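Okay, upload-v8.txt now, which holds compact mmCIF, C-alpha atoms:
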```txt
# COMPACT_ATOMS: atom_id res chain seq x y z
CA MET X 1 33.98 -141.69 50.08
CA LYS X 2 36.50 -140.06 47.78
CA ARG X 3 38.26 -136.98 49.05
CA PRO X 4 37.36 -133.55 47.68
CA LEU X 5 39.45 -132.04 44.91
CA ARG X 6 42.05 -129.61 46.21
CA LEU X 7 41.84 -126.41 44.21
CA ALA X 8 43.74 -123.15 43.88
CA ILE X 9 41.92 -120.30 42.13
CA VAL X 10 44.11 -117.67 40.49
CA ASP X 11 43.66 -114.40 38.62
CA ASP X 12 45.34 -110.99 38.84
CA TYR X 13 42.14 -109.51 40.34
CA ALA X 14 41.22 -110.42 43.91
CA VAL X 15 37.51 -109.72 43.35
CA VAL X 16 37.44 -112.21 40.46
CA VAL X 17 39.15 -114.88 42.55
CA ALA X 18 36.76 -114.34 45.45
CA GLY X 19 33.76 -114.55 43.13
CA VAL X 20 34.86 -117.92 41.72
CA ALA X 21 35.58 -119.26 45.21
CA ALA X 22 32.10 -118.24 46.39
CA PHE X 23 30.50 -119.82 43.31
CA LEU X 24 32.16 -123.16 44.08
CA ALA X 25 31.70 -123.01 47.85
CA ASP X 26 28.84 -125.54 47.96
CA GLU X 27 30.51 -128.13 45.72
CA HIS X 28 32.53 -131.21 46.72
CA ILE X 29 35.80 -129.32 46.58
CA ASP X 30 38.42 -127.86 48.92
CA VAL X 31 39.50 -124.37 47.89
CA VAL X 32 42.92 -124.57 49.55
CA GLU X 33 44.28 -121.34 48.17
CA THR X 34 43.10 -118.25 46.36
CA GLY X 35 45.61 -115.85 44.89
CA ALA X 36 45.97 -112.78 42.73
CA GLY X 37 49.22 -111.82 41.07
CA GLN X 38 51.33 -114.55 42.72
CA PRO X 39 52.34 -118.16 42.02
CA VAL X 40 50.55 -120.97 43.86
CA LEU X 41 52.32 -122.12 47.03
CA SER X 42 50.08 -124.91 48.32
CA ASP X 43 49.88 -128.60 47.53
CA VAL X 44 46.82 -128.70 45.27
CA ASP X 45 45.43 -130.98 42.58
CA ILE X 46 44.34 -128.31 40.13
CA VAL X 47 45.04 -124.64 39.51
CA LEU X 48 41.88 -123.02 38.12
CA TYR X 49 43.19 -120.05 36.19
CA ASP X 50 40.63 -117.33 35.46
CA THR X 51 41.53 -115.44 32.30
CA PHE X 52 39.79 -112.16 33.19
CA GLY X 53 41.98 -109.18 32.31
CA GLN X 54 45.10 -111.26 31.75
CA VAL X 55 47.92 -109.75 29.72
CA PRO X 56 50.61 -112.26 28.64
CA GLY X 57 54.01 -111.32 30.03
CA SER X 58 52.69 -109.35 33.02
CA GLY X 59 51.51 -110.58 36.38
CA ILE X 60 50.89 -114.33 36.34
CA ASP X 61 51.13 -116.32 33.11
CA LEU X 62 49.79 -119.77 32.35
CA LYS X 63 53.34 -120.88 31.59
CA ASP X 64 54.37 -120.03 35.16
CA PHE X 65 51.97 -122.60 36.58
CA VAL X 66 52.75 -125.29 34.03
CA ARG X 67 56.46 -124.85 34.67
CA GLU X 68 56.48 -124.40 38.46
CA SER X 69 53.59 -126.52 39.77
CA ASP X 70 52.90 -130.25 39.75
CA ALA X 71 49.19 -129.44 39.72
CA LYS X 72 47.15 -129.63 36.55
CA VAL X 73 46.14 -126.25 35.15
CA VAL X 74 42.64 -125.55 33.85
CA LEU X 75 41.54 -122.24 32.32
CA TYR X 76 38.16 -120.75 33.18
CA SER X 77 36.91 -118.11 30.78
CA TRP X 78 34.15 -116.25 28.95
CA ASN X 79 36.48 -116.05 25.95
CA LEU X 80 35.88 -119.21 23.95
CA GLU X 81 37.71 -118.44 20.72
CA PRO X 82 39.16 -121.68 19.30
CA ALA X 83 42.56 -120.05 18.72
CA LEU X 84 42.80 -118.98 22.36
CA ILE X 85 41.78 -122.44 23.57
CA GLN X 86 44.37 -124.11 21.34
CA GLN X 87 47.03 -121.67 22.53
CA ALA X 88 46.27 -122.60 26.15
CA LEU X 89 46.46 -126.32 25.40
CA ASP X 90 49.72 -125.85 23.49
CA GLU X 91 51.17 -124.11 26.57
CA GLY X 92 50.33 -127.09 28.76
CA ALA X 93 46.82 -126.53 30.09
CA SER X 94 44.84 -129.68 30.91
CA GLY X 95 41.46 -128.10 30.33
CA TYR X 96 39.50 -125.06 29.21
CA LEU X 97 36.06 -124.43 30.73
CA SER X 98 33.32 -121.94 29.91
CA LYS X 99 31.96 -119.67 32.61
CA VAL X 100 28.39 -120.60 31.62
CA MET X 101 28.89 -123.95 33.41
CA THR X 102 27.29 -124.66 36.77
CA GLY X 103 29.41 -125.42 39.81
CA ALA X 104 28.53 -129.12 39.63
CA GLU X 105 29.48 -129.22 35.93
CA ILE X 106 32.81 -127.58 36.69
CA VAL X 107 33.61 -130.11 39.41
CA GLY X 108 32.66 -132.95 37.06
CA ALA X 109 35.02 -131.56 34.42
CA LEU X 110 37.83 -131.15 36.96
CA GLU X 111 37.39 -134.77 38.06
CA ARG X 112 37.80 -135.84 34.43
CA VAL X 113 41.00 -133.79 34.27
CA MET X 114 42.28 -135.56 37.37
CA ALA X 115 41.52 -138.89 35.66
CA GLY X 116 43.91 -137.92 32.88
CA GLU X 117 41.64 -136.34 30.27
CA VAL X 118 42.22 -133.04 28.52
CA VAL X 119 38.79 -131.45 28.91
CA VAL X 120 37.47 -128.59 26.77
CA ILE X 121 33.86 -127.51 27.39
CA THR X 122 32.91 -124.30 25.64
CA GLY X 123 29.19 -124.29 26.39
CA ASP X 124 28.15 -120.94 24.98
CA HIS X 125 30.12 -118.83 22.50
CA GLU X 126 28.49 -115.57 23.62
CA THR X 127 31.29 -113.97 25.57
CA SER X 128 29.45 -110.85 26.77
CA VAL X 129 26.87 -112.64 28.92
CA GLY X 130 26.59 -112.04 32.64
CA GLY X 131 26.44 -114.87 35.12
CA ASP X 132 27.79 -116.05 38.42
CA GLY X 133 31.03 -114.80 39.86
CA ASP X 134 32.29 -111.27 40.18
CA TRP X 135 34.49 -108.81 38.34
CA PRO X 136 35.54 -105.16 38.70
CA GLY X 137 32.76 -102.81 37.62
CA LYS X 138 29.92 -105.31 38.02
CA ALA X 139 28.27 -103.06 40.60
CA PHE X 140 28.20 -100.26 37.98
CA GLY X 141 26.40 -102.45 35.45
CA LEU X 142 29.40 -103.45 33.34
CA SER X 143 29.10 -106.86 31.71
CA SER X 144 32.03 -109.22 32.15
CA ARG X 145 33.17 -108.48 28.59
CA GLU X 146 32.91 -104.70 28.99
CA ALA X 147 34.79 -104.95 32.28
CA GLU X 148 37.55 -106.95 30.65
CA MET X 149 37.99 -104.28 27.96
CA ILE X 150 38.34 -101.63 30.67
CA ALA X 151 40.77 -103.83 32.62
CA LEU X 152 42.98 -104.18 29.56
CA ILE X 153 43.01 -100.50 28.64
CA THR X 154 43.67 -99.62 32.29
CA GLN X 155 46.82 -101.75 31.93
CA GLY X 156 47.87 -99.59 28.98
CA LEU X 157 46.83 -101.69 25.99
CA THR X 158 45.72 -100.00 22.77
CA ASN X 159 42.48 -101.02 21.05
CA LYS X 160 44.51 -103.06 18.57
CA GLU X 161 46.35 -104.84 21.39
CA VAL X 162 43.09 -105.48 23.25
CA ALA X 163 41.60 -106.95 20.07
CA ALA X 164 44.56 -109.28 19.62
CA ARG X 165 44.46 -110.39 23.26
CA ALA X 166 40.69 -110.95 23.30
CA PHE X 167 40.49 -112.40 19.75
CA LEU X 168 37.99 -109.73 18.72
CA SER X 169 37.86 -107.26 15.87
CA VAL X 170 38.95 -103.71 16.65
CA ASN X 171 35.39 -102.56 15.87
CA SER X 172 33.99 -105.01 18.43
CA VAL X 173 36.45 -103.72 21.02
CA LYS X 174 35.37 -100.15 20.29
CA THR X 175 31.71 -101.14 20.69
CA TYR X 176 32.32 -102.71 24.09
CA ILE X 177 34.38 -99.72 25.21
CA ARG X 178 31.74 -97.19 24.12
CA SER X 179 29.08 -99.14 25.97
CA ALA X 180 31.27 -99.28 29.08
CA TYR X 181 31.98 -95.55 28.88
CA ARG X 182 28.24 -94.78 29.01
CA LYS X 183 27.84 -96.88 32.16
CA MET X 184 30.97 -95.37 33.71
CA GLN X 185 29.85 -91.85 32.71
CA VAL X 186 33.18 -90.98 31.10
CA THR X 187 33.89 -89.63 27.64
CA SER X 188 37.61 -90.16 27.03
CA ARG X 189 40.22 -92.86 27.39
CA SER X 190 42.18 -90.91 29.99
CA GLN X 191 39.03 -90.52 32.08
CA ALA X 192 38.29 -94.24 31.66
CA VAL X 193 41.78 -95.24 32.80
CA LEU X 194 41.53 -92.97 35.85
CA TRP X 195 38.08 -94.39 36.61
CA GLY X 196 39.47 -97.89 36.24
CA VAL X 197 42.34 -97.24 38.64
CA GLU X 198 39.91 -95.81 41.19
CA ASN X 199 37.40 -98.67 40.85
CA GLY X 200 39.40 -101.86 41.12
CA PHE X 201 40.73 -102.34 37.59
CA ARG X 202 44.40 -102.23 38.51
CA PRO X 203 45.81 -105.77 38.99
CA ASP X 204 46.54 -106.46 42.63
CA SER X 205 47.94 -109.16 44.85
CA LEU X 206 46.01 -110.89 47.57
CA ARG X 207 46.61 -114.42 48.76
CA THR X 208 44.56 -116.53 51.14
CA ILE X 209 45.56 -120.03 52.20
CA ASP X 210 43.36 -122.22 54.37
CA PRO X 211 45.78 -123.67 56.96
CA SER X 212 43.33 -126.43 57.86
CA LEU X 213 43.61 -127.82 54.33
CA LEU X 214 47.39 -127.78 53.97
CA ARG X 215 48.89 -131.24 53.64
CA GLY X 216 52.42 -130.04 54.20
CA PRO X 217 54.50 -126.87 54.40
CA ALA X 218 54.09 -124.42 51.54
CA ALA X 219 56.97 -124.57 49.08
CA LEU X 220 58.69 -121.23 48.61
```
Mind converting the file's structure to structure tokens?
Amino acid sequence: MKRPLRLAIVDDYAVVVAGVAAFLADEHIDVVETGAGQPVLSDVDIVLYDTFGQVPGSGIDLKDFVRESDAKVVLYSWNLEPALIQQALDEGASGYLSKVMTGAEIVGALERVMAGEVVVITGDHETSVGGDGDWPGKAFGLSSREAEMIALITQGLTNKEVAARAFLSVNSVKTYIRSAYRKMQVTSRSQAVLWGVENGFRPDSLRTIDPSLLRGPAAL
């Protein structure tokens, strides 16, 4: 019987990381490490990098993992814009997977990555759908896409910068933000940022490592 894949799950938001880990808990996989805002320390096969709320140049970047880890890096995202996918592959990612995939489909794709393939599975181009996993604001009714808009403005991005990061038009960004405001019961950007800070939209750092799955000492 082949051994389970050894996986690290990373995003700047601990709730997002925990949601992905829970989603994959019943699959043939060892989640050795979960981390927010920090590089991977453990000996793993694949780093599954969730793109939720990521701002290039702050927190953890894809390039950090490609440069510092021997593990293969796979992005996991609702955002399936071809330009964003190509950018990730150009920066060294070994795969790009849609969040509409089931746990079994994800594991199958990761096994293909381990066999040497570059795997891109986009699944569904609707990036505002709900689904498994977790994200800040989900309990308040925010969709994953609305939550990501709030995460980005909480980090200080303008609508134009959010649009460029998310590969959306500025009008689409405004639509998502207005919808989020109604659910958050706020009426201004300053109120939204304050609400975001108070409700888990500030990037944080939380690491968990399963000592029973470590093959050797963590590399500092």
Record the distance separating CA of Ala104 in chain X and CA of Val10 in chain X, expressed in Å with one decimal.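 CA of Val10 in chain X lies 19.4 Å from CA of Ala104 in chain X.
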So how many Å separate CA of Ser94 in chain X and CA of Ile46 in chain X, to one decimal?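 Separating CA of Ser94 in chain X from CA of Ile46 in chain X is a distance of 9.3 Å.
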At a cut-off of 12 Å, using all atoms listed in the file, what residues contact range 178-185 of chain X? Leave out same-chain residues fewer than 6 positions from it and give the result as a ChimeraX atom specification. /X:128,136-151,153,159,171-172,191-196,198-199
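Interatomic distance, CA of Ala163 in chain X against CA of Gly133 in chain X: 23.8 Å.
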Choose the residue, out of X:Met101, X:Ile9, X:Ile177, X:Ala36, that has the smallest atom-to-atom separation from Ala22 in chain X; count all atoms listed in the file. X:Ile9
So which one's closest to Val47 in chain X, X:Ile29, X:Ala14, X:Leu84, X:Ala8? Using all atoms listed in the file, please. X:Ala8
Return the single residue from X:Asp26, X:Ser188, X:Val17, X:Gly35 that is closest to Pro4 in chain X, with distances computed using all atoms listed in the file.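 For Pro4 in chain X, the nearest of the candidates is X:Asp26.
With only C-alpha atoms as the basis for measurement, X:Lys72 is the residue among X:Lys99, X:Lys174, X:Arg189, X:Lys72 that approaches Leu48 in chain X most closely.
Of the listed residues X:Phe201, X:Thr122, X:Val15, X:Ala25, the one whose atoms come nearest to Val107 in chain X is X:Ala25, with distances taken using only C-alpha atoms.
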